[in-house]
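J.: What follows is a single structure, and I will ask about it in a moment.
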Amino acid sequence: MTTVTTIHLIDQPGGGITVCTTAGTPHPGQRLTPGQALATDLLRECTHRASDVRYWQGHDKAMAFVLELSNPEGLGYADKATLHAAAQAVLGRPYGLGNPPAPSKPTSPAAPAAPAAA
C-alpha cells in the first residue's frame, strides 16, 4: 500500500511559519514506513523552528489534482477551460472573479459594411 504524506510550509506575516501536514501526530514506538519515518524527522525539526505545526490536515487537494491530471477518466484529456477551473478550485479561487473569462467559441469575422445608399 502506498502512503502519501504532504508537508506545507506557509510563511506568515511577522516572520512566523505555519506547517500543515497530512501526517498524524507521532506516537513513541509506533511502527513507521521509511517514508513516514522521514516525514516524522522533518516534522520534528519543524516543531523546533516553526511557530505552529498542524497535524491531520485531511486530504491534500493539490496532490489529488496532480493525480487526477494523470487519470484518463478524470482530467487526463480535459480541455484548457476545465483544467483552469479545476486549478482555481484547488486554490480556493472562485472561477470568474478576477480571473480571465472562460473561453468561448470563436466568432466569425464581421461582414463588410454595406455601402451607403445615395
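FYI, nothing fancy with the C-alpha cells labels: chains A, B, ... in order, residues from 1 per chain, ligands from 1 as they appear.
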Could you give me, as JSON lines, every region 51-91 of chain A residue with an atom at most 6 Å from region 22-39 of chain A, plus its closest atom pair and distance in Å to one decimal, counting only C-alpha atoms, rows ordered by chain then number?
T.:
```
{"residue": "A:Tyr55", "atom": "CA", "partner": "A:Gly24", "partner_atom": "CA", "distance": 5.6}
{"residue": "A:Trp56", "atom": "CA", "partner": "A:Thr22", "partner_atom": "CA", "distance": 4.9}
{"residue": "A:Gln57", "atom": "CA", "partner": "A:Thr22", "partner_atom": "CA", "distance": 5.0}
{"residue": "A:Gly58", "atom": "CA", "partner": "A:Thr22", "partner_atom": "CA", "distance": 5.6}
```
J.: Emit the selected residues as a compact mmCIF listing (two decimals), in the first residue's frame, including N, CA and C atoms.
T.:
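Okay, this is what ended up in part.txt:
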```txt
# COMPACT_ATOMS: atom_id res chain seq x y z
N TYR A 55 -1.21 18.97 12.50
CA TYR A 55 -1.29 17.60 12.01
C TYR A 55 -2.70 17.30 11.55
N TRP A 56 -2.85 16.20 10.83
CA TRP A 56 -4.15 15.69 10.38
C TRP A 56 -4.93 16.75 9.60
N GLN A 57 -4.30 17.34 8.61
CA GLN A 57 -4.96 18.37 7.83
C GLN A 57 -5.79 17.80 6.68
N GLY A 58 -6.10 16.53 6.77
CA GLY A 58 -7.02 15.92 5.82
C GLY A 58 -6.42 15.67 4.46
```
J.: So, counting only C-alpha atoms, which residue among A:Val90, A:Leu69, A:Val4, A:Leu43 is closest to Val19 (chain A)?
T.: A:Leu43
J.: Point out the residue among A:Asn71, A:Leu83, A:Thr40, A:Leu9 with the least atom-to-atom distance to Asp52 (chain A), counting only C-alpha atoms.
T.: A:Leu9
